[in-house]
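Chemist: Sharing upload-v7.tsv (TSV, C-alpha atoms) below.
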```
chain	number	residue	atom	x	y	z
A	1	MET	CA	-17.32	25.63	29.62
A	2	SER	CA	-17.38	27.70	26.44
A	3	GLY	CA	-19.59	26.89	23.47
A	4	THR	CA	-16.57	25.67	21.50
A	5	ASP	CA	-15.46	23.34	24.31
A	6	ALA	CA	-18.99	21.98	24.70
A	7	PHE	CA	-19.19	21.27	20.97
A	8	LYS	CA	-15.82	19.48	21.06
A	9	ALA	CA	-16.99	17.41	24.03
A	10	PHE	CA	-20.18	16.52	22.18
A	11	LYS	CA	-18.25	15.43	19.10
A	12	MET	CA	-15.94	13.32	21.26
A	13	PHE	CA	-18.93	11.74	23.00
A	14	TYR	CA	-20.93	10.77	19.93
A	15	SER	CA	-17.80	9.57	18.11
A	16	THR	CA	-17.00	7.31	21.08
A	17	ILE	CA	-20.55	5.94	21.10
A	18	LEU	CA	-20.40	5.23	17.37
A	19	LEU	CA	-17.08	3.41	17.75
A	20	ILE	CA	-18.28	1.28	20.66
A	21	PHE	CA	-21.49	0.42	18.81
A	22	SER	CA	-19.53	-0.46	15.66
A	23	ILE	CA	-17.17	-2.76	17.58
A	24	VAL	CA	-20.07	-4.47	19.35
A	25	ILE	CA	-22.02	-5.21	16.18
A	26	VAL	CA	-18.92	-6.38	14.28
A	27	MET	CA	-18.09	-8.77	17.13
A	28	GLY	CA	-21.74	-9.84	17.13
A	29	LEU	CA	-21.57	-10.66	13.44
A	30	ILE	CA	-18.42	-12.70	13.96
A	31	PHE	CA	-19.78	-14.79	16.81
A	32	THR	CA	-23.08	-15.41	15.02
A	33	ARG	CA	-21.12	-16.63	11.97
A	34	GLN	CA	-22.32	-13.83	9.72
A	35	THR	CA	-18.97	-12.77	8.27
A	36	GLY	CA	-17.09	-14.45	5.46
A	37	LEU	CA	-14.23	-15.87	7.53
A	38	SER	CA	-16.33	-16.85	10.55
A	39	GLN	CA	-18.69	-18.70	8.22
A	40	ASP	CA	-15.90	-20.49	6.35
A	41	THR	CA	-13.81	-21.39	9.42
A	42	HIS	CA	-14.73	-20.60	13.03
A	43	PRO	CA	-15.70	-17.38	14.87
A	44	ALA	CA	-12.53	-17.63	17.00
A	45	VAL	CA	-10.38	-17.65	13.86
A	46	ALA	CA	-12.15	-14.59	12.46
A	47	PHE	CA	-11.87	-12.80	15.83
A	48	ILE	CA	-8.12	-13.44	16.10
A	49	VAL	CA	-7.39	-12.58	12.47
A	50	LEU	CA	-9.40	-9.36	12.75
A	51	TRP	CA	-7.62	-8.06	15.84
A	52	VAL	CA	-4.13	-9.20	14.79
A	53	MET	CA	-4.53	-7.53	11.40
A	54	LEU	CA	-6.00	-4.39	12.96
A	55	ILE	CA	-3.06	-4.07	15.36
A	56	TRP	CA	-0.59	-4.71	12.54
A	57	LEU	CA	-2.36	-2.09	10.43
A	58	SER	CA	-1.75	0.42	13.21
A	59	PHE	CA	1.99	-0.31	12.99
A	60	VAL	CA	1.92	0.07	9.20
A	61	GLU	CA	0.11	3.41	9.39
A	62	GLY	CA	2.06	4.81	12.31
A	63	GLY	CA	5.37	3.64	10.89
A	64	GLN	CA	4.71	5.53	7.67
A	65	ALA	CA	3.97	8.77	9.53
A	66	SER	CA	7.20	8.43	11.52
A	67	LEU	CA	9.49	7.36	8.67
A	68	VAL	CA	8.26	10.08	6.31
A	69	GLY	CA	8.41	12.72	9.03
A	70	LEU	CA	11.93	11.75	10.10
A	71	HIS	CA	13.31	11.58	6.56
A	72	PRO	CA	14.78	15.11	6.51
A	73	ILE	CA	16.17	14.82	10.06
A	74	ASN	CA	19.81	13.91	10.66
A	75	ALA	CA	19.59	10.38	12.09
A	76	GLU	CA	22.83	10.82	14.05
A	77	LEU	CA	20.96	13.16	16.41
A	78	TYR	CA	18.98	10.22	17.86
A	79	ARG	CA	21.36	7.32	17.23
A	80	GLU	CA	22.01	6.77	20.94
A	81	SER	CA	18.66	7.82	22.42
A	82	HIS	CA	16.45	5.86	19.98
A	83	PRO	CA	18.54	3.01	18.55
A	84	VAL	CA	15.67	1.08	16.93
A	85	SER	CA	14.33	4.22	15.28
A	86	TYR	CA	17.84	4.85	14.02
A	87	LYS	CA	18.04	1.37	12.46
A	88	ALA	CA	14.75	1.95	10.64
A	89	THR	CA	15.55	5.42	9.31
A	90	ALA	CA	19.14	4.47	8.42
A	91	ASN	CA	17.56	2.02	6.01
A	92	THR	CA	14.75	4.15	4.58
A	93	ASN	CA	16.85	7.34	4.34
A	94	ALA	CA	19.38	5.67	2.05
A	95	GLY	CA	18.93	6.35	-1.65
A	96	ASP	CA	15.41	5.62	-2.90
A	97	ASN	CA	14.59	3.25	-0.04
A	98	LEU	CA	11.81	5.44	1.34
A	99	ASP	CA	9.95	5.19	-1.98
A	100	ARG	CA	10.55	1.43	-2.00
A	101	TYR	CA	9.22	1.15	1.55
A	102	LEU	CA	6.13	3.20	0.70
A	103	MET	CA	5.32	0.98	-2.28
A	104	GLY	CA	5.56	-2.21	-0.21
A	105	ARG	CA	3.68	-0.56	2.62
A	106	GLN	CA	0.75	0.32	0.34
A	107	PHE	CA	0.44	-3.29	-0.77
A	108	MET	CA	0.45	-4.31	2.91
A	109	VAL	CA	-2.40	-1.89	3.69
A	110	ILE	CA	-4.56	-3.30	0.90
A	111	PHE	CA	-3.84	-6.89	1.91
A	112	ILE	CA	-4.43	-6.26	5.62
A	113	VAL	CA	-7.68	-4.36	5.01
A	114	PHE	CA	-8.84	-7.22	2.78
A	115	LEU	CA	-8.29	-9.69	5.65
A	116	ILE	CA	-10.01	-7.35	8.11
A	117	ASN	CA	-12.97	-7.16	5.75
A	118	ARG	CA	-13.11	-10.92	5.33
A	119	SER	CA	-13.11	-11.29	9.11
A	120	GLY	CA	-15.60	-8.61	10.10
A	121	ALA	CA	-17.73	-7.52	7.15
A	122	PRO	CA	-21.28	-8.95	7.05
A	123	VAL	CA	-22.38	-11.56	4.55
A	124	ALA	CA	-25.42	-10.83	2.36
A	125	GLY	CA	-28.68	-10.85	4.30
A	126	ALA	CA	-27.04	-10.55	7.71
A	127	GLU	CA	-29.34	-9.69	10.64
A	128	LEU	CA	-28.36	-9.11	14.24
A	129	TRP	CA	-30.29	-9.16	17.53
A	130	GLY	CA	-33.52	-7.90	15.93
A	131	LEU	CA	-32.01	-4.50	15.14
A	132	PRO	CA	-34.23	-2.27	12.97
A	133	LYS	CA	-33.71	-2.51	9.22
A	134	TRP	CA	-32.50	1.08	8.96
A	135	ILE	CA	-29.68	0.38	11.44
A	136	ILE	CA	-28.72	-2.77	9.53
A	137	ASP	CA	-28.73	-0.77	6.29
A	138	VAL	CA	-26.76	2.20	7.65
A	139	PHE	CA	-24.13	0.33	9.66
A	140	LEU	CA	-23.85	-3.09	8.03
A	141	VAL	CA	-25.05	-3.00	4.43
A	142	THR	CA	-23.07	0.17	3.63
A	143	GLY	CA	-20.02	-1.03	5.58
A	144	PHE	CA	-20.13	2.09	7.76
A	145	ALA	CA	-19.46	0.13	10.98
A	146	MET	CA	-16.37	-1.51	9.47
A	147	ILE	CA	-15.14	1.84	8.16
A	148	LEU	CA	-15.44	3.47	11.58
A	149	PHE	CA	-13.88	0.46	13.32
A	150	THR	CA	-10.93	0.16	10.94
A	151	CYS	CA	-10.21	3.87	10.62
A	152	MET	CA	-10.51	4.84	14.26
A	153	VAL	CA	-8.76	1.83	15.80
A	154	GLY	CA	-6.29	0.81	13.12
A	155	GLN	CA	-5.40	4.02	11.31
A	156	LEU	CA	-6.25	7.49	12.59
A	157	GLN	CA	-5.20	7.23	16.23
A	158	THR	CA	-1.84	5.68	15.37
A	159	GLN	CA	-1.14	8.26	12.64
A	160	ILE	CA	-1.81	11.08	15.10
A	161	ASN	CA	0.35	9.54	17.83
A	162	ALA	CA	3.16	8.77	15.40
A	163	SER	CA	3.11	12.26	13.87
A	164	LEU	CA	3.40	13.84	17.32
A	165	CYS	CA	5.94	11.39	18.78
A	166	MET	CA	7.80	10.09	15.72
A	167	LEU	CA	10.96	8.89	17.44
A	168	ASP	CA	9.25	7.27	20.41
A	169	TYR	CA	6.62	5.62	18.23
A	170	LEU	CA	9.14	4.12	15.82
A	171	ASN	CA	11.50	2.92	18.53
A	172	ASP	CA	10.33	-0.72	18.81
A	173	TYR	CA	11.08	-3.93	16.96
A	174	MET	CA	7.56	-4.47	15.63
A	175	ASN	CA	7.87	-1.26	13.65
A	176	LEU	CA	11.32	-2.32	12.47
A	177	PHE	CA	9.97	-5.70	11.37
A	178	THR	CA	7.07	-4.02	9.56
A	179	MET	CA	9.46	-1.73	7.69
A	180	TYR	CA	11.61	-4.67	6.56
A	181	PHE	CA	8.48	-6.63	5.60
A	182	ALA	CA	7.30	-3.75	3.40
A	183	ARG	CA	10.75	-3.50	1.83
A	184	GLY	CA	10.66	-7.24	1.18
A	185	ILE	CA	7.33	-6.96	-0.63
A	186	GLU	CA	8.70	-4.22	-2.88
A	187	THR	CA	11.76	-6.34	-3.64
A	188	THR	CA	9.57	-9.04	-5.20
A	189	GLY	CA	8.79	-6.67	-8.09
A	190	LEU	CA	5.04	-7.32	-7.96
A	191	MET	CA	4.26	-3.62	-8.31
A	192	HIS	CA	7.28	-2.34	-10.23
A	193	VAL	CA	5.07	-1.24	-13.13
A	194	SER	CA	4.17	1.64	-10.77
A	195	TYR	CA	7.62	3.11	-11.43
A	196	LEU	CA	6.88	3.11	-15.16
A	197	ILE	CA	3.52	4.80	-14.55
A	198	GLN	CA	5.27	7.34	-12.32
A	199	MET	CA	7.72	8.18	-15.14
A	200	ILE	CA	4.92	8.56	-17.67
A	201	VAL	CA	2.92	10.85	-15.38
A	202	GLY	CA	6.08	12.84	-14.68
A	203	LEU	CA	6.69	13.32	-18.42
A	204	LEU	CA	3.07	14.42	-18.94
A	205	ALA	CA	3.09	16.87	-16.03
```
Here is the file; what I need is its structure written in the form of C-alpha coordinates.

Modeler:
Amino acid sequence: MSGTDAFKAFKMFYSTILLIFSIVIVMGLIFTRQTGLSQDTHPAVAFIVLWVMLIWLSFVEGGQASLVGLHPINAELYRESHPVSYKATANTNAGDNLDRYLMGRQFMVIFIVFLINRSGAPVAGAELWGLPKWIIDVFLVTGFAMILFTCMVGQLQTQINASLCMLDYLNDYMNLFTMYFARGIETTGLMHVSYLIQMIVGLLA
(Lines of atoms letter the chains of each structure in order from A and count residues from 1; the text may use other names and numbers.)
(Lines give C-alpha, C1' and ligand atoms only; values in the text may rest on other atoms or scores of the structure.)
Protein backbone atom coordinates (compact mmCIF):
# COMPACT_ATOMS: atom_id res chain seq x y z
CA MET A 1 0.00 0.00 0.00
CA SER A 2 1.39 3.39 -1.01
CA GLY A 3 1.67 6.32 1.38
CA THR A 4 -1.24 8.06 -0.34
CA ASP A 5 -3.47 4.99 -0.05
CA ALA A 6 -2.56 4.55 3.62
CA PHE A 7 -3.42 8.20 4.32
CA LYS A 8 -6.78 7.81 2.55
CA ALA A 9 -7.50 4.68 4.57
CA PHE A 10 -6.61 6.51 7.77
CA LYS A 11 -8.92 9.40 6.91
CA MET A 12 -11.73 6.96 6.12
CA PHE A 13 -11.14 5.15 9.41
CA TYR A 14 -11.13 8.16 11.73
CA SER A 15 -14.07 9.74 9.88
CA THR A 16 -16.06 6.53 10.40
CA ILE A 17 -15.17 6.46 14.10
CA LEU A 18 -16.22 10.09 14.51
CA LEU A 19 -19.56 9.43 12.79
CA ILE A 20 -20.31 6.34 14.88
CA PHE A 21 -19.39 8.19 18.07
CA SER A 22 -21.55 11.16 17.08
CA ILE A 23 -24.57 8.94 16.36
CA VAL A 24 -24.15 7.08 19.65
CA ILE A 25 -23.97 10.22 21.79
CA VAL A 26 -26.88 11.88 19.96
CA MET A 27 -29.01 8.77 20.53
CA GLY A 28 -27.82 8.76 24.14
CA LEU A 29 -28.97 12.34 24.60
CA ILE A 30 -32.37 11.51 23.14
CA PHE A 31 -33.01 8.49 25.34
CA THR A 32 -31.84 10.30 28.47
CA ARG A 33 -34.26 13.15 27.66
CA GLN A 34 -31.53 15.73 27.15
CA THR A 35 -32.71 17.18 23.83
CA GLY A 36 -35.44 19.74 23.33
CA LEU A 37 -38.01 17.45 21.71
CA SER A 38 -37.30 14.39 23.89
CA GLN A 39 -37.73 16.58 26.96
CA ASP A 40 -40.96 18.17 25.74
CA THR A 41 -42.56 14.96 24.41
CA HIS A 42 -41.02 11.49 24.60
CA PRO A 43 -37.65 10.02 23.51
CA ALA A 44 -39.41 7.79 20.96
CA VAL A 45 -40.97 10.85 19.31
CA ALA A 46 -37.62 12.62 19.09
CA PHE A 47 -35.96 9.45 17.73
CA ILE A 48 -38.58 9.00 14.99
CA VAL A 49 -38.67 12.68 14.03
CA LEU A 50 -34.87 12.81 13.86
CA TRP A 51 -34.49 9.82 11.54
CA VAL A 52 -37.50 10.64 9.35
CA MET A 53 -36.26 14.21 8.86
CA LEU A 54 -32.70 13.03 8.24
CA ILE A 55 -33.85 10.59 5.55
CA TRP A 56 -36.07 13.25 3.98
CA LEU A 57 -33.14 15.69 4.03
CA SER A 58 -31.15 13.17 2.01
CA PHE A 59 -33.87 13.20 -0.65
CA VAL A 60 -33.92 17.01 -0.67
CA GLU A 61 -30.15 17.23 -1.08
CA GLY A 62 -29.80 14.42 -3.58
CA GLY A 63 -32.78 15.61 -5.59
CA GLN A 64 -31.20 19.03 -6.00
CA ALA A 65 -27.93 17.55 -7.29
CA SER A 66 -29.83 15.44 -9.83
CA LEU A 67 -32.29 18.09 -11.01
CA VAL A 68 -29.62 20.77 -11.45
CA GLY A 69 -27.27 18.33 -13.16
CA LEU A 70 -29.93 17.06 -15.56
CA HIS A 71 -31.23 20.53 -16.46
CA PRO A 72 -29.18 20.91 -19.67
CA ILE A 73 -29.83 17.31 -20.78
CA ASN A 74 -32.57 16.51 -23.29
CA ALA A 75 -35.19 14.71 -21.17
CA GLU A 76 -36.45 12.72 -24.16
CA LEU A 77 -33.23 10.68 -24.02
CA TYR A 78 -34.37 8.98 -20.79
CA ARG A 79 -38.15 9.23 -21.08
CA GLU A 80 -38.58 5.46 -21.44
CA SER A 81 -35.67 4.21 -19.33
CA HIS A 82 -36.28 6.48 -16.31
CA PRO A 83 -39.95 7.54 -16.37
CA VAL A 84 -40.07 9.03 -12.85
CA SER A 85 -36.91 11.05 -13.46
CA TYR A 86 -38.52 12.26 -16.67
CA LYS A 87 -41.63 13.44 -14.81
CA ALA A 88 -39.49 15.40 -12.36
CA THR A 89 -37.25 17.07 -14.93
CA ALA A 90 -40.15 17.75 -17.32
CA ASN A 91 -41.51 19.93 -14.54
CA THR A 92 -38.33 21.66 -13.38
CA ASN A 93 -36.93 22.18 -16.91
CA ALA A 94 -39.97 24.20 -17.97
CA GLY A 95 -39.54 27.97 -17.84
CA ASP A 96 -38.28 29.23 -14.48
CA ASN A 97 -39.46 26.16 -12.58
CA LEU A 98 -35.95 25.10 -11.57
CA ASP A 99 -35.45 28.43 -9.78
CA ARG A 100 -38.86 28.03 -8.15
CA TYR A 101 -37.97 24.51 -7.02
CA LEU A 102 -34.63 25.67 -5.60
CA MET A 103 -36.30 28.41 -3.57
CA GLY A 104 -38.83 26.01 -2.04
CA ARG A 105 -36.13 23.43 -1.53
CA GLN A 106 -33.99 25.87 0.47
CA PHE A 107 -36.88 26.60 2.81
CA MET A 108 -37.34 22.84 3.25
CA VAL A 109 -33.67 22.40 4.20
CA ILE A 110 -33.88 25.09 6.87
CA PHE A 111 -37.12 23.68 8.27
CA ILE A 112 -35.89 20.08 8.27
CA VAL A 113 -32.56 20.98 9.90
CA PHE A 114 -34.47 22.92 12.55
CA LEU A 115 -36.50 19.80 13.39
CA ILE A 116 -33.36 17.65 13.40
CA ASN A 117 -31.77 20.11 15.81
CA ARG A 118 -34.82 20.13 18.07
CA SER A 119 -34.73 16.33 18.14
CA GLY A 120 -31.02 15.70 18.64
CA ALA A 121 -29.23 18.81 19.89
CA PRO A 122 -28.41 18.87 23.62
CA VAL A 123 -30.18 21.10 26.10
CA ALA A 124 -28.10 23.44 28.27
CA GLY A 125 -26.06 21.62 30.89
CA ALA A 126 -26.39 18.20 29.25
CA GLU A 127 -24.08 15.45 30.55
CA LEU A 128 -23.78 11.91 29.28
CA TRP A 129 -22.39 8.69 30.79
CA GLY A 130 -19.70 10.51 32.80
CA LEU A 131 -17.85 11.61 29.66
CA PRO A 132 -15.00 14.07 30.31
CA LYS A 133 -15.88 17.75 30.15
CA TRP A 134 -13.66 18.36 27.13
CA ILE A 135 -15.56 15.74 25.12
CA ILE A 136 -18.88 17.27 26.18
CA ASP A 137 -17.58 20.71 25.17
CA VAL A 138 -16.13 19.62 21.82
CA PHE A 139 -18.93 17.35 20.64
CA LEU A 140 -22.06 18.59 22.40
CA VAL A 141 -21.68 22.22 23.46
CA THR A 142 -20.29 23.29 20.07
CA GLY A 143 -22.80 21.13 18.17
CA PHE A 144 -19.95 19.30 16.41
CA ALA A 145 -21.60 15.87 16.85
CA MET A 146 -24.84 17.11 15.28
CA ILE A 147 -22.94 18.74 12.43
CA LEU A 148 -21.08 15.52 11.62
CA PHE A 149 -24.23 13.42 11.98
CA THR A 150 -26.40 15.67 9.81
CA CYS A 151 -23.81 16.36 7.12
CA MET A 152 -22.46 12.85 6.70
CA VAL A 153 -25.75 10.95 6.90
CA GLY A 154 -28.27 13.43 5.54
CA GLN A 155 -26.33 15.55 3.05
CA LEU A 156 -22.88 14.67 1.75
CA GLN A 157 -23.31 10.99 0.89
CA THR A 158 -26.57 11.59 -0.96
CA GLN A 159 -25.14 14.55 -2.90
CA ILE A 160 -22.19 12.43 -4.03
CA ASN A 161 -24.39 9.49 -5.04
CA ALA A 162 -26.86 11.74 -6.83
CA SER A 163 -24.13 13.64 -8.71
CA LEU A 164 -22.65 10.36 -9.97
CA CYS A 165 -25.94 8.58 -10.73
CA MET A 166 -28.37 11.42 -11.42
CA LEU A 167 -30.97 9.50 -13.41
CA ASP A 168 -31.01 6.43 -11.19
CA TYR A 169 -31.10 8.48 -8.00
CA LEU A 170 -34.00 10.65 -9.15
CA ASN A 171 -36.04 7.76 -10.51
CA ASP A 172 -38.32 7.13 -7.51
CA TYR A 173 -41.57 8.60 -6.24
CA MET A 174 -40.15 9.97 -2.99
CA ASN A 175 -37.91 12.27 -4.98
CA LEU A 176 -40.85 13.23 -7.18
CA PHE A 177 -42.97 14.00 -4.12
CA THR A 178 -40.14 16.06 -2.61
CA MET A 179 -39.82 18.10 -5.81
CA TYR A 180 -43.56 18.84 -5.88
CA PHE A 181 -43.49 19.68 -2.16
CA ALA A 182 -40.70 22.21 -2.73
CA ARG A 183 -42.61 23.69 -5.67
CA GLY A 184 -45.69 23.95 -3.45
CA ILE A 185 -43.76 25.87 -0.79
CA GLU A 186 -42.53 28.36 -3.39
CA THR A 187 -46.08 28.80 -4.69
CA THR A 188 -47.21 30.12 -1.30
CA GLY A 189 -45.14 33.27 -1.90
CA LEU A 190 -43.53 33.18 1.55
CA MET A 191 -40.10 33.95 0.12
CA HIS A 192 -40.96 35.91 -3.02
CA VAL A 193 -39.11 38.97 -1.72
CA SER A 194 -36.00 36.96 -2.69
CA TYR A 195 -36.82 37.67 -6.33
CA LEU A 196 -36.79 41.40 -5.59
CA ILE A 197 -33.44 41.08 -3.80
CA GLN A 198 -32.12 39.07 -6.76
CA MET A 199 -33.12 41.90 -9.15
CA ILE A 200 -31.48 44.53 -6.97
CA VAL A 201 -28.24 42.56 -6.70
CA GLY A 202 -28.33 41.99 -10.45
CA LEU A 203 -28.67 45.73 -11.09
CA LEU A 204 -25.77 46.47 -8.71
CA ALA A 205 -23.48 43.84 -10.22

Chemist: Using Å and a single decimal, report how far atom CA of A:Met108 sits from atom CA of A:Thr92.

Modeler: 16.7 Å

Chemist: For stretch 160-164 of chain A, list every protein, DNA or RNA residue within 6 Å, evaluated using all atoms listed in the file, and leave out those in the same chain fewer than 3 positions away; present the list as a ChimeraX atom specification.

Modeler: /A:62,65-66,157,169

Chemist: Could you save the residues just selected, with C-alpha atoms, as a PDB file, in the coordinates of the input?

Modeler:
```pdb
ATOM      1  CA  GLY A  62       2.060   4.810  12.310  1.00  0.00           C
ATOM      2  CA  ALA A  65       3.970   8.770   9.530  1.00  0.00           C
ATOM      3  CA  SER A  66       7.200   8.430  11.520  1.00  0.00           C
ATOM      4  CA  GLN A 157      -5.200   7.230  16.230  1.00  0.00           C
ATOM      5  CA  TYR A 169       6.620   5.620  18.230  1.00  0.00           C
TER       6      TYR A 169
END
```

Chemist: Separation of atom CA of A:Leu102 and atom CA of A:Ile48, in Å?

Modeler: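 Answer for the atom CA of A:Leu102 to atom CA of A:Ile48 separation: 26.8 Å.
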
Chemist: Quick one: residues within 12 Å of stretch 20-24 of chain A, only C-alpha atoms, excluding same-chain residues fewer than 6 positions away - as an mmCIF file with C-alpha atoms, in the coordinates of the input?

Modeler:
```cif
data_model
loop_
_atom_site.group_PDB
_atom_site.id
_atom_site.type_symbol
_atom_site.label_atom_id
_atom_site.label_comp_id
_atom_site.auth_asym_id
_atom_site.auth_seq_id
_atom_site.Cartn_x
_atom_site.Cartn_y
_atom_site.Cartn_z
ATOM 1 C CA PHE A 13 -18.930 11.740 23.000
ATOM 2 C CA TYR A 14 -20.930 10.770 19.930
ATOM 3 C CA ILE A 30 -18.420 -12.700 13.960
ATOM 4 C CA PHE A 31 -19.780 -14.790 16.810
ATOM 5 C CA PHE A 47 -11.870 -12.800 15.830
ATOM 6 C CA LEU A 50 -9.400 -9.360 12.750
ATOM 7 C CA TRP A 51 -7.620 -8.060 15.840
ATOM 8 C CA GLY A 120 -15.600 -8.610 10.100
ATOM 9 C CA ALA A 121 -17.730 -7.520 7.150
ATOM 10 C CA LEU A 128 -28.360 -9.110 14.240
ATOM 11 C CA TRP A 129 -30.290 -9.160 17.530
ATOM 12 C CA ILE A 135 -29.680 0.380 11.440
ATOM 13 C CA ILE A 136 -28.720 -2.770 9.530
ATOM 14 C CA VAL A 138 -26.760 2.200 7.650
ATOM 15 C CA PHE A 139 -24.130 0.330 9.660
ATOM 16 C CA LEU A 140 -23.850 -3.090 8.030
ATOM 17 C CA GLY A 143 -20.020 -1.030 5.580
ATOM 18 C CA PHE A 144 -20.130 2.090 7.760
ATOM 19 C CA ALA A 145 -19.460 0.130 10.980
ATOM 20 C CA MET A 146 -16.370 -1.510 9.470
ATOM 21 C CA ILE A 147 -15.140 1.840 8.160
ATOM 22 C CA LEU A 148 -15.440 3.470 11.580
ATOM 23 C CA PHE A 149 -13.880 0.460 13.320
ATOM 24 C CA THR A 150 -10.930 0.160 10.940
ATOM 25 C CA CYS A 151 -10.210 3.870 10.620
ATOM 26 C CA MET A 152 -10.510 4.840 14.260
ATOM 27 C CA VAL A 153 -8.760 1.830 15.800
#
```

Chemist: Here is a test: counting only C-alpha atoms, which residue of A:Ile200, A:Met179, A:Leu156, A:Ala124 is nearest to A:Val141?

Modeler: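 Using only C-alpha atoms, the shortest distance to A:Val141 belongs to A:Ala124.
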
Chemist: What's the 9 Å shell around A:Asn117, counting only C-alpha atoms, without same-chain residues fewer than 5 positions away, as a ChimeraX atom specification?

Modeler: /A:35-37,50,112,122,146

Chemist: Report as a PyMOL selection string all protein, DNA and RNA residues lying within 12 Å of A:Pro83, evaluated on all atoms listed in the file, omitting residues in the same chain fewer than 3 positions from it.

Modeler: chain A and resi 75-80+86-90+167-168+170-173+176

Chemist: Those residues you just picked out, can you put them in a file as a short mmCIF file (atom, residue, chain, number, x, y, z; two decimals), in the frame of the given file with C-alpha atoms?

Modeler:
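Writing done, so here's part.cif:
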```
data_model
loop_
_atom_site.label_atom_id
_atom_site.label_comp_id
_atom_site.auth_asym_id
_atom_site.auth_seq_id
_atom_site.Cartn_x
_atom_site.Cartn_y
_atom_site.Cartn_z
CA ALA A 75 19.59 10.38 12.09
CA GLU A 76 22.83 10.82 14.05
CA LEU A 77 20.96 13.16 16.41
CA TYR A 78 18.98 10.22 17.86
CA ARG A 79 21.36 7.32 17.23
CA GLU A 80 22.01 6.77 20.94
CA TYR A 86 17.84 4.85 14.02
CA LYS A 87 18.04 1.37 12.46
CA ALA A 88 14.75 1.95 10.64
CA THR A 89 15.55 5.42 9.31
CA ALA A 90 19.14 4.47 8.42
CA LEU A 167 10.96 8.89 17.44
CA ASP A 168 9.25 7.27 20.41
CA LEU A 170 9.14 4.12 15.82
CA ASN A 171 11.50 2.92 18.53
CA ASP A 172 10.33 -0.72 18.81
CA TYR A 173 11.08 -3.93 16.96
CA LEU A 176 11.32 -2.32 12.47
#
```

Chemist: Please, could N, CA and C atoms be added to stretch 27-46 of chain A and the result written as a short mmCIF file (atom, residue, chain, number, x, y, z; two decimals), in the frame of the given file?

Modeler:
```
data_model
loop_
_atom_site.label_atom_id
_atom_site.label_comp_id
_atom_site.auth_asym_id
_atom_site.auth_seq_id
_atom_site.Cartn_x
_atom_site.Cartn_y
_atom_site.Cartn_z
N MET A 27 -18.35 -7.56 16.34
CA MET A 27 -18.09 -8.77 17.13
C MET A 27 -19.32 -9.68 17.14
N GLY A 28 -20.51 -9.05 17.18
CA GLY A 28 -21.74 -9.84 17.13
C GLY A 28 -21.87 -10.61 15.84
N LEU A 29 -21.53 -9.97 14.73
CA LEU A 29 -21.57 -10.66 13.44
C LEU A 29 -20.61 -11.84 13.41
N ILE A 30 -19.43 -11.63 13.96
CA ILE A 30 -18.42 -12.70 13.96
C ILE A 30 -18.92 -13.91 14.74
N PHE A 31 -19.42 -13.67 15.95
CA PHE A 31 -19.78 -14.79 16.81
C PHE A 31 -21.16 -15.39 16.49
N THR A 32 -21.87 -14.77 15.55
CA THR A 32 -23.08 -15.41 15.02
C THR A 32 -22.82 -15.96 13.62
N ARG A 33 -21.56 -16.07 13.26
CA ARG A 33 -21.12 -16.63 11.97
C ARG A 33 -21.76 -15.92 10.77
N GLN A 34 -21.74 -14.60 10.81
CA GLN A 34 -22.32 -13.83 9.72
C GLN A 34 -21.28 -12.96 9.01
N THR A 35 -20.02 -13.39 9.08
CA THR A 35 -18.97 -12.77 8.27
C THR A 35 -18.34 -13.86 7.42
N GLY A 36 -17.64 -13.46 6.37
CA GLY A 36 -17.09 -14.45 5.46
C GLY A 36 -16.17 -15.45 6.13
N LEU A 37 -15.20 -14.97 6.92
CA LEU A 37 -14.23 -15.87 7.53
C LEU A 37 -14.83 -16.69 8.65
N SER A 38 -15.72 -16.09 9.46
CA SER A 38 -16.33 -16.85 10.55
C SER A 38 -17.24 -17.94 10.02
N GLN A 39 -17.84 -17.70 8.86
CA GLN A 39 -18.69 -18.70 8.22
C GLN A 39 -17.85 -19.84 7.65
N ASP A 40 -16.73 -19.49 7.02
CA ASP A 40 -15.90 -20.49 6.35
C ASP A 40 -15.03 -21.28 7.31
N THR A 41 -14.69 -20.70 8.47
CA THR A 41 -13.81 -21.39 9.42
C THR A 41 -14.50 -21.52 10.77
N HIS A 42 -14.17 -20.60 11.68
CA HIS A 42 -14.73 -20.60 13.03
C HIS A 42 -14.71 -19.17 13.55
N PRO A 43 -15.70 -18.75 14.35
CA PRO A 43 -15.70 -17.38 14.87
C PRO A 43 -14.39 -16.99 15.58
N ALA A 44 -13.78 -17.94 16.30
CA ALA A 44 -12.53 -17.63 17.00
C ALA A 44 -11.43 -17.26 16.02
N VAL A 45 -11.39 -17.95 14.88
CA VAL A 45 -10.38 -17.65 13.86
C VAL A 45 -10.60 -16.24 13.31
N ALA A 46 -11.84 -15.92 12.99
CA ALA A 46 -12.15 -14.59 12.46
C ALA A 46 -11.83 -13.50 13.49
#
```
